[in-house]
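Q: Here it is, the structure, as structure tokens.
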Amino acid sequence: MTQYNWIVLVLFIAISFLNFLPIYFLNKSKIGSSIDRLEGFKIKKFFKNIIRRFNYDVFRFNGDLSFVVIFFLLFNINQAFATWLFFILFYFGFVYIFYYHIIKKTYNSEPLLINDIIFLKTGVTIAIGGFICQSILFLVGMGFIIIIFYYCSAFFIQKLFALQYYSFPLKFTLISSSLISLFSIFKYSNHPTIFGFLTCPSPTVHFFTNLFNSFKALKTTKEFNKLDFEALQEVEFIKMKEQPNFHFLVAESYGRIFFKNINKRLKQKCIEFEEELKAEGWKIISNFSQAPISGGASWLSYASLLKGIKIESHNKYHTLLKDTRHLNYYPFLKLLGKSGYKTFFLSALGGYKKVKINWKQLLRFVGADYLIKHKDLDYKGKEFGLGPSPPDQFSINKGFELMKNRHPNEPIAYFYITQNSHALWYSPNKVVDDWKVLSNKNFNGYGYIDDKELSVRYEKSIIYQLKTLVNFIIKQNEHNLFMIIGDHQPYNDKENEKDYLTPIHIISKDQNYINSFKDFGFTKGIFPQMGNELCHQAVQSMLLLNLQKRYGTDKQPKIKYYKNGVWL
């Protein structure tokens, strides 16, 4: 019978390790030494390394499975019932741990069911609309996994129930993993960021903790709904002596890591961009701004920027999207629209034709009067990345040309988020002299950034993005103001830091306008400096205040600056 004890023990270890196998491959680039240096033997550090390891190896146990197997051994349980219970906990643990890490990896924040359900619903909609074959293959694969997991569970329970006695190694493994899991539950049940590193996590307990935190988030949303937005609106429009065009440009995945890890070649490129601007009379001033999210969900970031409200969750975003009361507190573009500007939302997002986007709702949400979509650009050339979409060089030039053609003698303000620097950064590798040739199907004057290294592709795509924007800016006249800001840190940041800072640049030929940003921690040049960072929800009031200060009259109340947004 000793032989069968070893078979059961090996099966249990293999099943437990299988729960964490996808996480290993998902985070393979981050695998490394995670054990505290002992510097002589210290009991406290020794036990800490047993309880949690800041790594993603598979040598862990699903605490729920340890508990339930001990339960089977202590009590007379029906074998069929035991098989189904073990299978459910086994499969649930696999799915929940995978869900936890995919959200954590993508957004660098703790998963919250109330937010993630909305995110997953959006992902499923996109998958069905644009990736039907891949979706079918995924469902078939999940079906096979369910079958395999069930038969593994049935085989394990059969061998377990056939034992007449339980060897010391088997009992030690079950009891020790259960005790470690129990300690982890009491010590770290609601500790942010630690669940993914536990040696013996309990997916079931963490699920209920997640559920509890989701209800707390709903309560916060109810408080948010009571906010009197209308009372926060100091002015309904800005009386302006001059009305230069305003370009509100959000650069996808443009995070602080680009400057933090910058090498000599990239630094020289940035210096060249600054010199190009300077040669044409443009002045640039820079800072860092803290985004509400990291690694993804750009809509949360640009909504925070445009509305002056910290929108760090899908739940809050969708609450605002559907609740029109907040529109009484004007988004940036709506207030400019009330001030005499023609306001636009430029979206170059292509593909996903079967996915219905409520453009009317989205347009109202961002506060713009007019929409320019992918089809309006009439692009016929090669497309890239997310969507897929045209090269940003074409989109921004053609989009602004359409705006000016529609309203040739009126000031224009618009919002655009770039597409080509979206993960996984297979963007164009060259900015061309004449952007119009990009729409030619036979044009081959550029190619894809296709380096094997993810970090290299990212760096090159940001250089392309900056080059595109600089190339566009220097072609405009002095009656234009530009803001370039990153939406969030790039996806799959290898350093795995909680860094939410993104660069923000103000570019203008008007020295007085540029000087007005020095009070907000901006410094001269393209390289942002640490020490006086903003936050995304403060950008709206800062921009409006400085527009009023430089171009407004003295005959209206001064716009208030909200350092933390209108509601934190």
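Just remember, in the structure tokens the first chain shown is A, the second B, etc., residues are 1-based per chain, and ligands are 1-based in the order shown.
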Using DSSP on the backbone coordinates, identify the residues of region 426-555 of chain A assigned to strand (DSSP E); present them as a list in words.
A: Asn480, Leu481, Phe482, Met483, Ile484, Ile485, Gly486, Leu501, Thr502, Pro503, Ile504, His505, Ile506, Ile507, Ser508, Thr523, Lys524, Leu534 and Cys535 of chain A
Q: Could you give me, as a PyMOL selection string, the residues within 6 Å of region 111-114 of chain A, counting only C-alpha atoms and dropping anything in the same chain fewer than 5 positions from it?
A: chain A and resi 103+210+214
Q: Generate a file of the selected residues that holds N, CA and C atoms, formatted as a PDB file, in the first residue's frame.
A:
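New file selection_4.pdb:
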```
ATOM      1  N   ILE A 103      -5.673  40.019 -14.951  1.00  0.00           N
ATOM      2  CA  ILE A 103      -6.069  41.385 -14.615  1.00  0.00           C
ATOM      3  C   ILE A 103      -4.901  42.127 -13.978  1.00  0.00           C
ATOM      4  N   ASN A 210     -13.033  39.325  -2.631  1.00  0.00           N
ATOM      5  CA  ASN A 210     -13.231  40.138  -3.834  1.00  0.00           C
ATOM      6  C   ASN A 210     -14.685  40.595  -3.924  1.00  0.00           C
ATOM      7  N   SER A 214     -16.186  44.349  -3.752  1.00  0.00           N
ATOM      8  CA  SER A 214     -17.034  44.838  -4.844  1.00  0.00           C
ATOM      9  C   SER A 214     -18.266  45.545  -4.297  1.00  0.00           C
TER      10      SER A 214
END
```
Q: To one decimal in Å, tell me the separation between CA of Leu336 (chain A) and CA of Gly255 (chain A).
A: 27.7 Å
Q: Between CA of Leu333 (chain A) and CA of Met483 (chain A), what is the distance in Å, rounded to a tenth?
A: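 Separating CA of Leu333 (chain A) from CA of Met483 (chain A) is a distance of 13.5 Å.
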Q: With only C-alpha atoms as the atoms that count, which of A:Thr199, A:Ser508, A:Thr319, A:Thr553 lies nearest to Ile284 (chain A)?
A: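 For Ile284 (chain A), the nearest of the candidates is A:Ser508.
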Q: Do a neighbour search on Thr502 (chain A) at 9 Å with only C-alpha atoms, toss out local chain neighbours closer than 6 positions, and write the hits as a PyMOL selection string.
A: chain A and resi 253-257+287-291+485-489
Q: Any chance you could export the current selection's N, CA and C atoms as a PDB file, in the first residue's frame?
A:
```
ATOM      1  N   SER A 253       0.152  54.245 -24.337  1.00  0.00           N
ATOM      2  CA  SER A 253       1.253  53.512 -23.678  1.00  0.00           C
ATOM      3  C   SER A 253       2.503  54.362 -23.433  1.00  0.00           C
ATOM      4  N   TYR A 254       2.355  55.672 -23.479  1.00  0.00           N
ATOM      5  CA  TYR A 254       3.500  56.571 -23.268  1.00  0.00           C
ATOM      6  C   TYR A 254       3.676  56.785 -21.772  1.00  0.00           C
ATOM      7  N   GLY A 255       4.532  55.956 -21.143  1.00  0.00           N
ATOM      8  CA  GLY A 255       4.697  55.994 -19.698  1.00  0.00           C
ATOM      9  C   GLY A 255       6.077  56.465 -19.272  1.00  0.00           C
ATOM     10  N   ARG A 256       6.217  56.697 -17.987  1.00  0.00           N
ATOM     11  CA  ARG A 256       7.491  57.181 -17.430  1.00  0.00           C
ATOM     12  C   ARG A 256       8.630  56.204 -17.700  1.00  0.00           C
ATOM     13  N   ILE A 257       8.297  54.916 -17.850  1.00  0.00           N
ATOM     14  CA  ILE A 257       9.344  53.915 -18.063  1.00  0.00           C
ATOM     15  C   ILE A 257      10.176  54.231 -19.303  1.00  0.00           C
ATOM     16  N   ASN A 287       6.237  67.766 -17.792  1.00  0.00           N
ATOM     17  CA  ASN A 287       6.067  67.316 -16.412  1.00  0.00           C
ATOM     18  C   ASN A 287       5.611  65.859 -16.462  1.00  0.00           C
ATOM     19  N   PHE A 288       5.377  65.266 -15.303  1.00  0.00           N
ATOM     20  CA  PHE A 288       4.747  63.950 -15.213  1.00  0.00           C
ATOM     21  C   PHE A 288       3.353  64.113 -14.615  1.00  0.00           C
ATOM     22  N   SER A 289       2.449  63.231 -15.025  1.00  0.00           N
ATOM     23  CA  SER A 289       1.107  63.213 -14.464  1.00  0.00           C
ATOM     24  C   SER A 289       0.757  61.781 -14.064  1.00  0.00           C
ATOM     25  N   GLN A 290       0.073  61.637 -12.951  1.00  0.00           N
ATOM     26  CA  GLN A 290      -0.282  60.301 -12.458  1.00  0.00           C
ATOM     27  C   GLN A 290      -1.614  59.858 -13.048  1.00  0.00           C
ATOM     28  N   ALA A 291      -1.565  58.778 -13.822  1.00  0.00           N
ATOM     29  CA  ALA A 291      -2.774  58.212 -14.421  1.00  0.00           C
ATOM     30  C   ALA A 291      -3.559  57.432 -13.361  1.00  0.00           C
ATOM     31  N   ILE A 485       0.042  63.857 -23.842  1.00  0.00           N
ATOM     32  CA  ILE A 485       0.106  63.200 -22.535  1.00  0.00           C
ATOM     33  C   ILE A 485      -0.071  61.696 -22.703  1.00  0.00           C
ATOM     34  N   GLY A 486       0.646  60.925 -21.928  1.00  0.00           N
ATOM     35  CA  GLY A 486       0.495  59.477 -21.965  1.00  0.00           C
ATOM     36  C   GLY A 486      -0.757  59.037 -21.226  1.00  0.00           C
ATOM     37  N   ASP A 487      -1.381  57.953 -21.695  1.00  0.00           N
ATOM     38  CA  ASP A 487      -2.579  57.470 -21.002  1.00  0.00           C
ATOM     39  C   ASP A 487      -2.237  56.566 -19.825  1.00  0.00           C
ATOM     40  N   HIS A 488      -1.191  55.734 -19.964  1.00  0.00           N
ATOM     41  CA  HIS A 488      -0.816  54.822 -18.888  1.00  0.00           C
ATOM     42  C   HIS A 488       0.535  54.193 -19.195  1.00  0.00           C
ATOM     43  N   GLN A 489       1.080  53.506 -18.217  1.00  0.00           N
ATOM     44  CA  GLN A 489       2.311  52.750 -18.438  1.00  0.00           C
ATOM     45  C   GLN A 489       2.057  51.648 -19.463  1.00  0.00           C
TER      46      GLN A 489
END
```
Q: From region 324-554 of chain A, collect each residue whose DSSP state is helix (DSSP H, G or I) and return the set as a PyMOL selection string.
A: chain A and resi 324-328+332-338+359-366+374-377+392-406+435-439+454-473+511-515+518-520+536-551
Q: With only C-alpha atoms as the counted atoms, please give the residues lying no more than 10 Å from Lys518 (chain A), apart from itself and same-chain residues fewer than 6 positions off, as number ranges by chain.
A: A: 285-287, 524
Q: Could you save those same residues with N, CA and C atoms as a PDB file, in the first residue's frame?
A:
```
ATOM      1  N   ILE A 285       7.433  72.445 -22.864  1.00  0.00           N
ATOM      2  CA  ILE A 285       7.600  72.393 -21.415  1.00  0.00           C
ATOM      3  C   ILE A 285       6.951  71.093 -20.938  1.00  0.00           C
ATOM      4  N   SER A 286       7.539  70.437 -19.938  1.00  0.00           N
ATOM      5  CA  SER A 286       7.122  69.065 -19.609  1.00  0.00           C
ATOM      6  C   SER A 286       6.997  68.820 -18.106  1.00  0.00           C
ATOM      7  N   ASN A 287       6.237  67.766 -17.792  1.00  0.00           N
ATOM      8  CA  ASN A 287       6.067  67.316 -16.412  1.00  0.00           C
ATOM      9  C   ASN A 287       5.611  65.859 -16.462  1.00  0.00           C
ATOM     10  N   LYS A 524      11.356  73.324 -18.539  1.00  0.00           N
ATOM     11  CA  LYS A 524      11.671  73.533 -19.943  1.00  0.00           C
ATOM     12  C   LYS A 524      12.226  72.257 -20.591  1.00  0.00           C
TER      13      LYS A 524
END
```
Q: What does the structure give for the distance between CA of Tyr100 (chain A) and CA of Ser202 (chain A), in Å to one decimal?
A: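 Computing the Euclidean distance for CA of Tyr100 (chain A) and CA of Ser202 (chain A) yields 12.4 Å.
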Q: Name the closest residue to Lys563 (chain A) among the candidates A:Ile484, A:Ala154, A:Ile309, A:Leu26; distances are taken between atoms, counting only C-alpha atoms.
A: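 Nearest to Lys563 (chain A): A:Ile309.
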Q: Need to verify the contact set: Phe86 (chain A), 8 Å, only C-alpha atoms, exclusion of same-chain residues closer than 5 positions in sequence. Can you return it as a PDB file with C-alpha atoms, in the first residue's frame?
A:
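Output below, filename out07.pdb:
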```
ATOM      1  CA  LEU A  65      -7.770  21.200  -2.367  1.00  0.00           C
ATOM      2  CA  VAL A  68     -11.106  19.186   1.073  1.00  0.00           C
ATOM      3  CA  SER A 153     -10.154  14.512 -10.357  1.00  0.00           C
TER       4      SER A 153
END
```
Q: List the spatial neighbours of Gln465 (chain A) as a list in words - criterion: any atom at most 9 Å away, only C-alpha atoms, same-chain residues fewer than 4 positions off excluded.
A: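 Counting only C-alpha atoms, the residues come to Ala251, Glu252, Asp392, Gln393, Thr418, Asn420, Ser421, Lys460, Ser461, Leu469 and Val470 of chain A.
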Q: Taking 2 positions as the minimum chain separation for residues in the same chain, which residues sit within 9 Å of region 93-95 of chain A when counting only C-alpha atoms? Answer as a list in words.
A: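 So the residues in contact are Leu18, Asn19, Phe20, Pro22, Asn62, Asp64, Leu65, Ile88, Leu89, Phe90, Tyr91, Ile97, Phe98, Tyr99, Tyr100, Ser202, Pro203 and Thr204 of chain A.
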Q: Taking into account only C-alpha atoms, which residue in the set A:Ile185, A:Val250, A:Leu11, A:Met530 is nearest to Ile396 (chain A)?
A: A:Val250
Q: Point out the residue among A:Gln548, A:Gln164, A:Asn115, A:Ser541 with the least atom-to-atom distance to Tyr513 (chain A), counting only C-alpha atoms.
A: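 Using only C-alpha atoms, Tyr513 (chain A) sits closest to A:Gln548.
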